[in-house]
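As provided, start12.cif (mmCIF, C-alpha atoms) reads as follows.
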```cif
data_data
loop_
_atom_site.group_PDB
_atom_site.id
_atom_site.type_symbol
_atom_site.label_atom_id
_atom_site.label_comp_id
_atom_site.auth_asym_id
_atom_site.auth_seq_id
_atom_site.Cartn_x
_atom_site.Cartn_y
_atom_site.Cartn_z
ATOM 1 C CA MET A 372 0.000 0.000 0.000
ATOM 2 C CA ASN A 373 2.946 2.284 0.639
ATOM 3 C CA LEU A 374 4.392 2.219 -2.845
ATOM 4 C CA PRO A 375 1.719 3.852 -5.019
ATOM 5 C CA ILE A 376 1.379 6.780 -2.611
ATOM 6 C CA GLU A 377 5.040 7.628 -3.111
ATOM 7 C CA ILE A 378 4.226 8.613 -6.684
ATOM 8 C CA PRO A 379 3.057 12.248 -6.805
ATOM 9 C CA PRO A 380 -0.538 12.742 -8.055
ATOM 10 C CA ALA A 381 -0.859 12.678 -11.851
ATOM 11 C CA TRP A 382 2.751 11.488 -12.207
ATOM 12 C CA SER A 383 3.732 8.217 -13.832
ATOM 13 C CA TYR A 384 6.740 7.619 -11.559
ATOM 14 C CA ASN A 385 8.333 8.795 -8.332
ATOM 15 C CA PRO A 386 11.118 11.336 -8.961
ATOM 16 C CA SER A 387 12.505 10.831 -5.448
ATOM 17 C CA SER A 388 12.947 7.061 -5.796
ATOM 18 C CA TRP A 389 16.458 5.708 -5.360
ATOM 19 C CA SER A 390 16.620 4.493 -8.948
ATOM 20 C CA GLN A 391 16.168 8.134 -9.977
ATOM 21 C CA ARG A 392 18.628 9.553 -7.462
ATOM 22 C CA ILE A 393 21.518 7.089 -7.371
ATOM 23 C CA PRO A 394 22.793 7.885 -10.907
ATOM 24 C CA LEU A 395 22.926 11.567 -9.966
ATOM 25 C CA ILE A 396 24.804 10.829 -6.763
ATOM 26 C CA VAL A 397 27.317 8.733 -8.722
ATOM 27 C CA ILE A 398 27.822 11.514 -11.287
ATOM 28 C CA ALA A 399 28.312 14.057 -8.495
ATOM 29 C CA ALA A 400 30.878 11.772 -6.851
ATOM 30 C CA ILE A 401 32.854 11.392 -10.099
ATOM 31 C CA GLY A 402 32.681 15.152 -10.660
ATOM 32 C CA PHE A 403 33.938 15.702 -7.129
ATOM 33 C CA LEU A 404 36.963 13.433 -7.627
ATOM 34 C CA ILE A 405 37.970 15.122 -10.894
ATOM 35 C CA ALA A 406 37.470 18.623 -9.497
ATOM 36 C CA LEU A 407 39.461 17.679 -6.400
ATOM 37 C CA TYR A 408 42.293 16.381 -8.588
ATOM 38 C CA LEU A 409 42.380 19.655 -10.547
ATOM 39 C CA GLY A 410 42.034 21.741 -7.408
ATOM 40 C CA LEU A 411 44.938 20.035 -5.669
ATOM 41 C CA TYR A 412 47.086 20.835 -8.685
ATOM 42 C CA GLN A 413 46.029 24.469 -8.360
ATOM 43 C CA LEU A 414 47.061 24.349 -4.709
ATOM 44 C CA GLN A 415 50.417 23.010 -5.946
ATOM 45 C CA PHE A 416 50.287 19.575 -4.383
ATOM 46 C CA TYR A 417 51.884 18.236 -7.581
ATOM 47 C CA PRO A 418 53.755 19.962 -10.445
ATOM 48 C CA GLN A 419 51.933 18.404 -13.418
ATOM 49 C CA VAL A 420 48.398 17.598 -14.426
ATOM 50 C CA TRP A 421 47.059 14.942 -16.793
ATOM 51 C CA ASP A 422 45.712 16.047 -20.179
ATOM 52 C CA PRO A 423 45.526 13.527 -23.034
ATOM 53 C CA PHE A 424 44.462 15.947 -25.789
ATOM 54 C CA PHE A 425 45.564 19.517 -25.234
ATOM 55 C CA GLY A 426 49.056 19.087 -23.790
ATOM 56 C CA THR A 427 49.731 22.038 -21.540
ATOM 57 C CA GLY A 428 46.203 23.356 -22.136
ATOM 58 C CA THR A 429 44.988 22.215 -18.731
ATOM 59 C CA GLU A 430 47.886 23.938 -17.007
ATOM 60 C CA LYS A 431 47.259 27.163 -18.910
ATOM 61 C CA VAL A 432 43.592 27.091 -17.954
ATOM 62 C CA LEU A 433 44.182 26.191 -14.312
ATOM 63 C CA ASN A 434 46.868 28.847 -13.930
ATOM 64 C CA SER A 435 44.881 31.549 -15.709
ATOM 65 C CA LYS A 436 43.861 34.742 -13.935
ATOM 66 C CA LEU A 437 40.223 33.751 -14.198
ATOM 67 C CA SER A 438 40.801 30.458 -12.364
ATOM 68 C CA ARG A 439 42.581 32.309 -9.595
ATOM 69 C CA ALA A 440 40.296 35.341 -9.495
ATOM 70 C CA LEU A 441 38.890 34.252 -6.141
ATOM 71 C CA PRO A 442 40.867 33.523 -2.953
ATOM 72 C CA VAL A 443 40.086 29.823 -3.432
ATOM 73 C CA PRO A 444 41.025 28.106 -6.748
ATOM 74 C CA ASP A 445 37.955 27.535 -8.902
ATOM 75 C CA ALA A 446 38.326 23.743 -9.044
ATOM 76 C CA ILE A 447 38.215 23.577 -5.232
ATOM 77 C CA LEU A 448 34.967 25.549 -5.340
ATOM 78 C CA GLY A 449 33.741 23.119 -7.988
ATOM 79 C CA ALA A 450 34.630 20.170 -5.761
ATOM 80 C CA PHE A 451 32.654 21.788 -2.951
ATOM 81 C CA GLY A 452 29.704 22.214 -5.322
ATOM 82 C CA TYR A 453 29.758 18.513 -6.197
ATOM 83 C CA VAL A 454 29.849 17.590 -2.503
ATOM 84 C CA LEU A 455 26.771 19.748 -1.969
ATOM 85 C CA ASP A 456 25.090 17.991 -4.926
ATOM 86 C CA ALA A 457 25.948 14.539 -3.623
ATOM 87 C CA VAL A 458 24.972 15.239 0.000
ATOM 88 C CA SER A 459 21.685 16.918 -0.902
ATOM 89 C CA GLY A 460 21.082 14.012 -3.288
ATOM 90 C CA VAL A 461 21.596 11.395 -0.555
ATOM 91 C CA ILE A 462 19.593 12.961 2.292
ATOM 92 C CA GLY A 463 15.996 11.837 2.732
ATOM 93 C CA HIS A 464 13.992 8.744 1.854
ATOM 94 C CA SER A 465 12.109 8.037 -1.333
ATOM 95 C CA LYS A 466 9.178 10.247 -0.438
ATOM 96 C CA ARG A 467 11.233 13.333 0.212
ATOM 97 C CA TRP A 468 9.567 15.423 -2.507
ATOM 98 C CA LYS A 469 6.751 15.611 0.050
ATOM 99 C CA THR A 470 8.336 15.161 3.454
ATOM 100 C CA MET A 471 11.447 17.312 2.886
ATOM 101 C CA PRO A 472 10.799 19.928 0.185
ATOM 102 C CA TRP A 473 13.662 22.057 1.553
ATOM 103 C CA ILE A 474 16.335 19.468 0.748
ATOM 104 C CA VAL A 475 14.873 18.910 -2.740
ATOM 105 C CA ILE A 476 14.914 22.646 -3.448
ATOM 106 C CA LEU A 477 18.447 22.912 -2.045
ATOM 107 C CA PHE A 478 19.446 20.046 -4.334
ATOM 108 C CA GLY A 479 17.961 21.846 -7.321
ATOM 109 C CA VAL A 480 19.644 25.105 -6.359
ATOM 110 C CA ALA A 481 22.971 23.282 -5.975
ATOM 111 C CA VAL A 482 22.719 21.475 -9.318
ATOM 112 C CA GLY A 483 21.430 24.369 -11.416
ATOM 113 C CA PRO A 484 24.044 27.082 -10.735
ATOM 114 C CA LEU A 485 26.893 24.550 -10.747
ATOM 115 C CA GLY A 486 25.904 23.643 -14.292
ATOM 116 C CA ILE A 487 25.516 27.270 -15.367
ATOM 117 C CA VAL A 488 28.913 28.220 -13.923
ATOM 118 C CA SER A 489 30.593 25.328 -15.705
ATOM 119 C CA VAL A 490 29.016 26.324 -19.037
ATOM 120 C CA PHE A 491 30.433 29.810 -18.464
ATOM 121 C CA LEU A 492 33.866 28.328 -17.742
ATOM 122 C CA VAL A 493 33.721 26.244 -20.931
ATOM 123 C CA ILE A 494 33.084 29.453 -22.881
ATOM 124 C CA ALA A 495 35.874 31.223 -21.002
ATOM 125 C CA GLN A 496 38.510 28.581 -21.793
ATOM 126 C CA PRO A 497 38.949 29.383 -25.499
ATOM 127 C CA VAL A 498 37.655 32.962 -25.465
ATOM 128 C CA MET A 499 39.480 34.415 -22.462
ATOM 129 C CA VAL A 500 42.359 32.000 -21.845
ATOM 130 C CA GLY A 501 42.897 30.642 -25.348
ATOM 131 C CA ALA A 502 43.392 27.036 -24.253
ATOM 132 C CA TRP A 503 41.316 23.917 -23.609
ATOM 133 C CA CYS A 504 41.380 21.629 -20.601
ATOM 134 C CA THR A 505 40.167 18.048 -21.041
ATOM 135 C CA LEU A 506 39.185 17.292 -17.465
ATOM 136 C CA CYS A 507 37.527 20.687 -17.045
ATOM 137 C CA LEU A 508 35.378 19.850 -20.068
ATOM 138 C CA VAL A 509 34.519 16.461 -18.572
ATOM 139 C CA THR A 510 33.370 18.009 -15.286
ATOM 140 C CA ALA A 511 31.358 20.605 -17.207
ATOM 141 C CA VAL A 512 29.533 17.895 -19.151
ATOM 142 C CA LEU A 513 28.869 16.000 -15.909
ATOM 143 C CA SER A 514 27.338 19.015 -14.230
ATOM 144 C CA VAL A 515 25.201 19.890 -17.263
ATOM 145 C CA VAL A 516 23.970 16.280 -17.543
ATOM 146 C CA MET A 517 22.803 16.445 -13.916
ATOM 147 C CA ILE A 518 20.457 19.409 -14.443
ATOM 148 C CA GLY A 519 17.766 17.645 -16.511
ATOM 149 C CA PRO A 520 17.178 14.624 -14.267
ATOM 150 C CA ALA A 521 17.407 16.703 -11.068
ATOM 151 C CA MET A 522 14.663 19.110 -12.045
ATOM 152 C CA ASP A 523 11.778 16.608 -12.015
ATOM 153 C CA GLU A 524 12.079 16.207 -8.253
ATOM 154 C CA VAL A 525 12.065 19.989 -7.805
ATOM 155 C CA LEU A 526 8.906 20.148 -9.887
ATOM 156 C CA ALA A 527 7.202 17.508 -7.730
ATOM 157 C CA SER A 528 8.068 19.462 -4.573
ATOM 158 C CA LEU A 529 6.836 22.744 -6.026
ATOM 159 C CA GLN A 530 3.561 21.111 -7.032
ATOM 160 C CA TYR A 531 3.192 19.699 -3.514
ATOM 161 C CA LEU A 532 3.729 23.176 -2.026
ATOM 162 C CA GLN A 533 1.139 24.485 -4.464
ATOM 163 C CA ARG A 534 -1.378 21.896 -3.249
ATOM 164 C CA VAL A 535 -0.553 22.830 0.347
ATOM 165 C CA LYS A 536 -1.390 26.450 -0.418
ATOM 166 C CA LYS A 537 -4.618 25.610 -2.258
ATOM 167 C CA ASN A 538 -5.691 23.532 0.741
ATOM 168 C CA GLY A 539 -5.174 26.506 3.046
ATOM 169 C CA PHE A 540 -2.095 25.325 4.942
ATOM 170 C CA SER A 541 1.154 27.206 5.535
ATOM 171 C CA THR A 542 3.546 26.787 2.617
ATOM 172 C CA TRP A 543 6.439 27.813 4.861
ATOM 173 C CA LYS A 544 5.747 25.017 7.376
ATOM 174 C CA ALA A 545 5.273 22.481 4.597
ATOM 175 C CA PHE A 546 8.597 23.549 3.107
ATOM 176 C CA TRP A 547 10.304 22.358 6.276
ATOM 177 C CA GLY A 548 8.327 19.129 6.273
ATOM 178 C CA ASP A 549 5.527 19.788 8.803
ATOM 179 C CA LYS A 550 4.149 16.343 9.720
ATOM 180 C CA GLU A 551 0.550 17.406 10.143
ATOM 181 C CA ILE A 552 0.473 18.922 6.658
ATOM 182 C CA VAL A 553 2.138 15.811 5.241
ATOM 183 C CA ARG A 554 -0.708 13.766 6.742
ATOM 184 C CA ASN A 555 -3.432 16.068 5.454
ATOM 185 C CA VAL A 556 -2.297 17.050 1.982
ATOM 186 C CA ILE A 557 -1.649 14.441 -0.676
ATOM 187 C CA MET B 974 23.796 18.741 -29.347
ATOM 188 C CA CYS B 975 26.000 17.821 -32.262
ATOM 189 C CA ILE B 976 25.582 21.280 -33.753
ATOM 190 C CA GLY B 977 26.698 22.811 -30.470
ATOM 191 C CA LEU B 978 29.787 20.602 -30.473
ATOM 192 C CA TRP B 979 30.426 21.464 -34.102
ATOM 193 C CA LEU B 980 30.302 25.172 -33.261
ATOM 194 C CA MET B 981 32.912 24.647 -30.557
ATOM 195 C CA ILE B 982 35.258 22.841 -32.942
ATOM 196 C CA VAL B 983 34.672 24.867 -36.093
ATOM 197 C CA PRO B 984 37.006 27.778 -35.233
ATOM 198 C CA ALA B 985 39.858 25.285 -35.208
ATOM 199 C CA VAL B 986 38.842 23.809 -38.575
ATOM 200 C CA PHE B 987 38.230 26.930 -40.657
ATOM 201 C CA ASP B 988 39.960 29.776 -38.803
ATOM 202 C CA PRO B 989 37.090 32.141 -39.595
ATOM 203 C CA GLY B 990 38.611 35.189 -37.883
ATOM 204 C CA LYS B 991 38.495 36.328 -34.275
ATOM 205 C CA VAL B 992 34.953 37.693 -34.094
ATOM 206 C CA ALA B 993 33.347 34.651 -35.693
ATOM 207 C CA SER B 994 35.462 32.241 -33.628
ATOM 208 C CA ASN B 995 34.481 33.871 -30.372
ATOM 209 C CA ASN B 996 30.823 33.986 -31.308
ATOM 210 C CA GLU B 997 30.923 30.288 -32.183
ATOM 211 C CA ARG B 998 32.839 29.451 -29.040
ATOM 212 C CA ILE B 999 30.196 31.167 -26.960
ATOM 213 C CA MET B 1000 27.157 29.795 -28.780
ATOM 214 C CA GLY B 1001 28.541 26.244 -29.048
ATOM 215 C CA PRO B 1002 28.516 25.390 -25.331
ATOM 216 C CA LEU B 1003 25.188 27.200 -24.871
ATOM 217 C CA VAL B 1004 23.452 25.254 -27.633
ATOM 218 C CA PHE B 1005 25.015 22.015 -26.421
ATOM 219 C CA SER B 1006 23.930 22.551 -22.805
ATOM 220 C CA ILE B 1007 20.370 23.566 -23.627
ATOM 221 C CA ALA B 1008 20.018 20.521 -25.881
ATOM 222 C CA CYS B 1009 21.540 18.275 -23.233
ATOM 223 C CA ILE B 1010 19.168 19.501 -20.513
ATOM 224 C CA SER B 1011 16.139 19.239 -22.819
ATOM 225 C CA LEU B 1012 16.919 15.572 -23.464
ATOM 226 C CA PHE B 1013 15.138 14.825 -20.195
ATOM 227 C CA GLU B 1014 11.381 14.600 -20.446
ATOM 228 C CA SER B 1015 10.430 16.703 -17.430
ATOM 229 C CA VAL B 1016 12.231 19.746 -18.873
ATOM 230 C CA ARG B 1017 11.628 19.029 -22.545
ATOM 231 C CA ASN B 1018 10.090 22.460 -23.201
ATOM 232 C CA PHE B 1019 13.419 24.045 -22.268
ATOM 233 C CA ARG B 1020 14.356 23.240 -25.877
ATOM 234 C CA TYR B 1021 12.545 26.379 -27.046
ATOM 235 C CA THR B 1022 15.396 28.440 -25.567
ATOM 236 C CA ASN B 1023 17.556 27.087 -28.349
ATOM 237 C CA ILE B 1024 15.347 28.827 -30.914
ATOM 238 C CA LEU B 1025 16.768 32.100 -29.583
ATOM 239 C CA CYS B 1026 20.300 30.745 -30.048
ATOM 240 C CA GLY B 1027 19.466 29.612 -33.569
ATOM 241 C CA PHE B 1028 17.976 32.986 -34.387
ATOM 242 C CA TRP B 1029 21.075 34.755 -33.069
ATOM 243 C CA LEU B 1030 23.278 32.544 -35.273
ATOM 244 C CA LEU B 1031 21.161 33.540 -38.280
ATOM 245 C CA VAL B 1032 21.515 37.275 -37.725
ATOM 246 C CA SER B 1033 24.855 37.574 -35.904
ATOM 247 C CA PRO B 1034 27.083 37.119 -38.991
ATOM 248 C CA TRP B 1035 25.538 40.322 -40.307
ATOM 249 C CA ILE B 1036 25.421 42.228 -37.021
ATOM 250 C CA LEU B 1037 29.004 41.353 -36.116
ATOM 251 C CA GLY B 1038 30.207 41.726 -39.713
ATOM 252 C CA TYR B 1039 31.884 38.354 -40.399
ATOM 253 C CA ALA B 1040 34.687 38.626 -42.951
ATOM 254 C CA GLU B 1041 34.617 35.033 -44.249
ATOM 255 C CA THR B 1042 31.825 33.718 -46.465
ATOM 256 C CA THR B 1043 32.305 30.157 -45.151
ATOM 257 C CA ALA B 1044 31.777 31.396 -41.590
ATOM 258 C CA ILE B 1045 28.598 33.247 -42.573
ATOM 259 C CA ALA B 1046 27.262 30.178 -44.382
ATOM 260 C CA ASN B 1047 28.271 27.834 -41.564
ATOM 261 C CA ASP B 1048 26.628 29.836 -38.808
ATOM 262 C CA MET B 1049 23.458 30.471 -40.775
ATOM 263 C CA ILE B 1050 23.058 26.798 -41.655
ATOM 264 C CA CYS B 1051 23.683 25.852 -38.027
ATOM 265 C CA GLY B 1052 21.133 28.441 -36.924
ATOM 266 C CA CYS B 1053 18.486 27.063 -39.280
ATOM 267 C CA LEU B 1054 19.101 23.484 -38.165
ATOM 268 C CA ILE B 1055 19.022 24.430 -34.470
ATOM 269 C CA ILE B 1056 15.664 26.194 -34.880
ATOM 270 C CA LEU B 1057 14.304 23.257 -36.839
ATOM 271 C CA PHE B 1058 15.412 20.633 -34.312
ATOM 272 C CA SER B 1059 14.208 22.749 -31.390
ATOM 273 C CA LEU B 1060 10.688 22.575 -32.782
ATOM 274 C CA VAL B 1061 10.715 18.771 -32.743
ATOM 275 C CA LYS B 1062 9.197 17.607 -29.474
ATOM 276 C CA GLY B 1063 10.334 14.001 -29.484
ATOM 277 C CA LYS B 1064 8.907 11.266 -27.295
ATOM 278 C CA VAL B 1065 7.497 12.112 -23.866
ATOM 279 C CA GLU B 1066 6.261 8.957 -22.151
ATOM 280 C CA ASP B 1067 6.068 9.987 -18.510
ATOM 281 C CA ALA B 1068 3.502 12.219 -16.834
ATOM 282 C CA PHE B 1069 4.526 15.076 -14.552
ATOM 283 C CA GLY B 1070 1.337 16.177 -12.821
ATOM 284 C CA GLY B 1071 0.746 18.831 -15.453
ATOM 285 C CA GLY B 1072 4.383 19.852 -15.859
ATOM 286 C CA TRP B 1073 6.040 23.165 -15.082
ATOM 287 C CA ARG B 1074 3.144 25.236 -16.350
ATOM 288 C CA SER B 1075 0.912 23.665 -13.665
ATOM 289 C CA ILE B 1076 2.606 25.866 -11.060
ATOM 290 C CA PHE B 1077 0.958 28.900 -12.639
ATOM 291 C CA GLN B 1078 -2.437 27.289 -13.204
ATOM 292 C CA GLU B 1079 -5.511 27.791 -11.048
ATOM 293 C CA ASP B 1080 -6.633 24.173 -11.171
ATOM 294 C CA PRO B 1081 -3.655 22.063 -12.282
ATOM 295 C CA ALA B 1082 -3.761 18.363 -13.113
ATOM 296 C CA HIS B 1083 -1.978 17.260 -9.932
ATOM 297 C CA LEU B 1084 -4.492 19.118 -7.746
ATOM 298 C CA ARG B 1085 -7.472 17.541 -9.518
ATOM 299 C CA GLU B 1086 -5.854 14.125 -9.200
ATOM 300 C CA SER B 1087 -5.146 14.636 -5.480
ATOM 301 C CA ARG B 1088 -8.844 15.305 -4.815
ATOM 302 C CA ARG B 1089 -9.723 11.980 -6.347
ATOM 303 C CA ARG B 1090 -7.444 10.111 -3.943
ATOM 304 C CA PRO B 1091 -8.783 9.281 -0.463
#
```
Same coordinates, now as C-alpha cells:
Amino acid sequence: MNLPIEIPPAWSYNPSSWSQRIPLIVIAAIGFLIALYLGLYQLQFYPQVWDPFFGTGTEKVLNSKLSRALPVPDAILGAFGYVLDAVSGVIGHSKRWKTMPWIVILFGVAVGPLGIVSVFLVIAQPVMVGAWCTLCLVTAVLSVVMIGPAMDEVLASLQYLQRVKKNGFSTWKAFWGDKEIVRNVI
Amino acid sequence: MCIGLWLMIVPAVFDPGKVASNNERIMGPLVFSIACISLFESVRNFRYTNILCGFWLLVSPWILGYAETTAIANDMICGCLIILFSLVKGKVEDAFGGGWRSIFQEDPAHLRESRRRP
C-alpha cells in the first residue's frame, strides 16, 4: 500500500525514488573526484596535471587569472559544489519530494548554478584564456547532464507546495516538512 | 547537441577570424547545454530556448560583420538546423502532474488528481 502513494498525483513515476537519485549521486561523486584532482594541482600539491588531448592546455587554464580570481582556486569551489550535490542528493527517503521539500529545493539550487557556472567556464577557456582543458570539459559535461534529471524532483516538490497552499495550509511550514500537513495534503 | 559541439570545434577547422570564432565558441557550449538539458522529459520544453540561439546565429554574422563567407554560411546553416530541431518535441512517455506550467495554473492536473485520492 505504501508504494503507489510515493508517486506524486498525476505522475507516472516517483522522482525521489532511489533508482532516480543514485545515478545523480554517482555523477556528483565522479565530478567531485575530478574537481578535487584539478584543485589540488592548483594548490600546488603536484607539479603536473594529466591532459591527453591539449598538452599544456589544462595547465594554462588552471593557472589563468580567471581560475585564480577568487581567494580559493575555482576547481576547489567546484569540488565543494559537487559535494553539496551529492549530500543533498543522498539525504531523505524516497518520499522526500513531500516530506522534505527544503532538501529537494536545495538540491535543485545546488545542481542548477553549478551547471551554469561550468558552461560559463567552458566558454571562457577558449575565449578568455585561449586554451582547452580536457578534465575541465569532462566536469562541465557531468554538471550539465545532472540538471535535466534533477529538475523533475524539484517540480514535484513545487507542485506539492502548491497543493498545500490551495488547501489553506502554511507553505512555509510544509517547506520544512511539517508532519501534520504531510498527513493532510496528498 | 551535435551542432553545439560542431560550433565549438569549427574555429579550429576553418579559422574564420576572431569575431566569428568567439561567437561560435560562446554559442557552441550554450546550444550544447540547452540541448543536453532538454533531453530529459520533465524539462523538454526548455528546448525552445535554443530557438533564440538559432535565431542569433542567423543574424549575428551580419550584425558582427563576419569577414569570411564560409563562416557566414556555416553559422546560418547551423542556426536554421538548431531552430528546426528545437521545434521537434520528441517522445514524452512519462507524466509530470501537469508539468512546469501547472505551477501557474488555477486548477492544475496534480491538484485535480489529489482530490480523487482518499
- Task: Can you give me, as a PyMOL selection string, the residues this file yields under the PyMOL selection byres ((chain A and resi 545-548) around 10)?
- Result: chain A and resi 467-476+528-529+531-532+535-536+540-544+549-553+556
- Query: Where does the PyMOL selection byres ((chain A) within 7 of (chain B)) land in this file, that is, which residues does it pick, as a list in words?
  - Reply: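 With the shown file as input, the PyMOL selection byres ((chain A) within 7 of (chain B)) matches Pro380, Ala381, Trp382, Ser383, Val490, Val493, Ile494, Val498, Val515, Val516, Ile518, Gly519, Pro520, Asp523, Leu526, Gln530, Gln533, Arg534 and Ile557 of chain A.
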- Task: Would you mind listing what lies within 9 Å of Ile1056 of chain B as a PyMOL selection string, with only C-alpha atoms counted and same-chain residues fewer than 3 positions away left out?
- Result: chain B and resi 1021+1023-1028+1051-1053+1059-1060
Next, write the just-selected residues to a file, as a PDB file, in the frame of the given file, keeping C-alpha atoms as the atom set.
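Result went into out_13.pdb, see below:
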```pdb
ATOM      1  CA  TYR B1021      12.545  26.379 -27.046  1.00  0.00           C
ATOM      2  CA  ASN B1023      17.556  27.087 -28.349  1.00  0.00           C
ATOM      3  CA  ILE B1024      15.347  28.827 -30.914  1.00  0.00           C
ATOM      4  CA  LEU B1025      16.768  32.100 -29.583  1.00  0.00           C
ATOM      5  CA  CYS B1026      20.300  30.745 -30.048  1.00  0.00           C
ATOM      6  CA  GLY B1027      19.466  29.612 -33.569  1.00  0.00           C
ATOM      7  CA  PHE B1028      17.976  32.986 -34.387  1.00  0.00           C
ATOM      8  CA  CYS B1051      23.683  25.852 -38.027  1.00  0.00           C
ATOM      9  CA  GLY B1052      21.133  28.441 -36.924  1.00  0.00           C
ATOM     10  CA  CYS B1053      18.486  27.063 -39.280  1.00  0.00           C
ATOM     11  CA  SER B1059      14.208  22.749 -31.390  1.00  0.00           C
ATOM     12  CA  LEU B1060      10.688  22.575 -32.782  1.00  0.00           C
TER      13      LEU B1060
END
```
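Our summary of the geometry notes that atom CA of Phe416 of chain A is positioned 25.0 Å from atom CA of Ser514 of chain A.
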Need to verify the contact set: Ala502 of chain A, 7 Å, all atoms listed in the file, exclusion of same-chain residues closer than 5 positions in sequence. Can you return it as a PDB file with C-alpha atoms, in the coordinates of the input?
```
ATOM      1  CA  GLY A 428      46.203  23.356 -22.136  1.00  0.00           C
ATOM      2  CA  LYS A 431      47.259  27.163 -18.910  1.00  0.00           C
ATOM      3  CA  VAL A 432      43.592  27.091 -17.954  1.00  0.00           C
ATOM      4  CA  GLN A 496      38.510  28.581 -21.793  1.00  0.00           C
ATOM      5  CA  PRO A 497      38.949  29.383 -25.499  1.00  0.00           C
TER       6      PRO A 497
END
```
Skip segment 454-466 of chain A itself and residues of its chain fewer than 6 positions away, then list as a compact mmCIF listing (two decimals) with C-alpha atoms, in the coordinates of the input all residues within 6 Å of it, counting only C-alpha atoms.
```
# COMPACT_ATOMS: atom_id res chain seq x y z
CA GLU A 377 5.04 7.63 -3.11
CA SER A 387 12.50 10.83 -5.45
CA SER A 388 12.95 7.06 -5.80
CA ILE A 396 24.80 10.83 -6.76
CA ALA A 399 28.31 14.06 -8.49
CA PHE A 478 19.45 20.05 -4.33
CA ALA A 481 22.97 23.28 -5.98
```
- Spatial neighbours of Gln413 of chain A, max dist 8 Å, all atoms listed in the file, sep filter under 3 positions, as a list in words: Leu409, Gly410, Phe416, Leu433, Asn434, Pro444 and Ala446 of chain A
- Give me, please, the distance in Å between atom CA of Gly479 of chain A and atom CA of Val397 of chain A, quoted to one decimal. 16.2 Å
Axis-aligned box for segment 1065-1074 of chain B, 4 Å per side, centre and edges in Å as AutoDock Vina command-line options:
```
--center_x 4.1 --center_y 17.1 --center_z -18.3 --size_x 14.8 --size_y 24.3 --size_z 19.0
```
- Distance in Å - atom CA of Met1049 of chain B versus atom CA of Thr505 of chain A: 28.7 Å
List the spatial neighbours of Ile1045 of chain B as an mmCIF file with C-alpha atoms, in the coordinates of the input - criterion: any atom at most 9 Å away, only C-alpha atoms, same-chain residues fewer than 5 positions off excluded.
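Just written: selection15.cif:
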```cif
data_model
loop_
_atom_site.group_PDB
_atom_site.id
_atom_site.type_symbol
_atom_site.label_atom_id
_atom_site.label_comp_id
_atom_site.auth_asym_id
_atom_site.auth_seq_id
_atom_site.Cartn_x
_atom_site.Cartn_y
_atom_site.Cartn_z
ATOM 1 C CA ALA B 993 33.347 34.651 -35.693
ATOM 2 C CA LEU B 1031 21.161 33.540 -38.280
ATOM 3 C CA SER B 1033 24.855 37.574 -35.904
ATOM 4 C CA PRO B 1034 27.083 37.119 -38.991
ATOM 5 C CA TRP B 1035 25.538 40.322 -40.307
ATOM 6 C CA TYR B 1039 31.884 38.354 -40.399
ATOM 7 C CA ALA B 1040 34.687 38.626 -42.951
ATOM 8 C CA ILE B 1050 23.058 26.798 -41.655
#
```
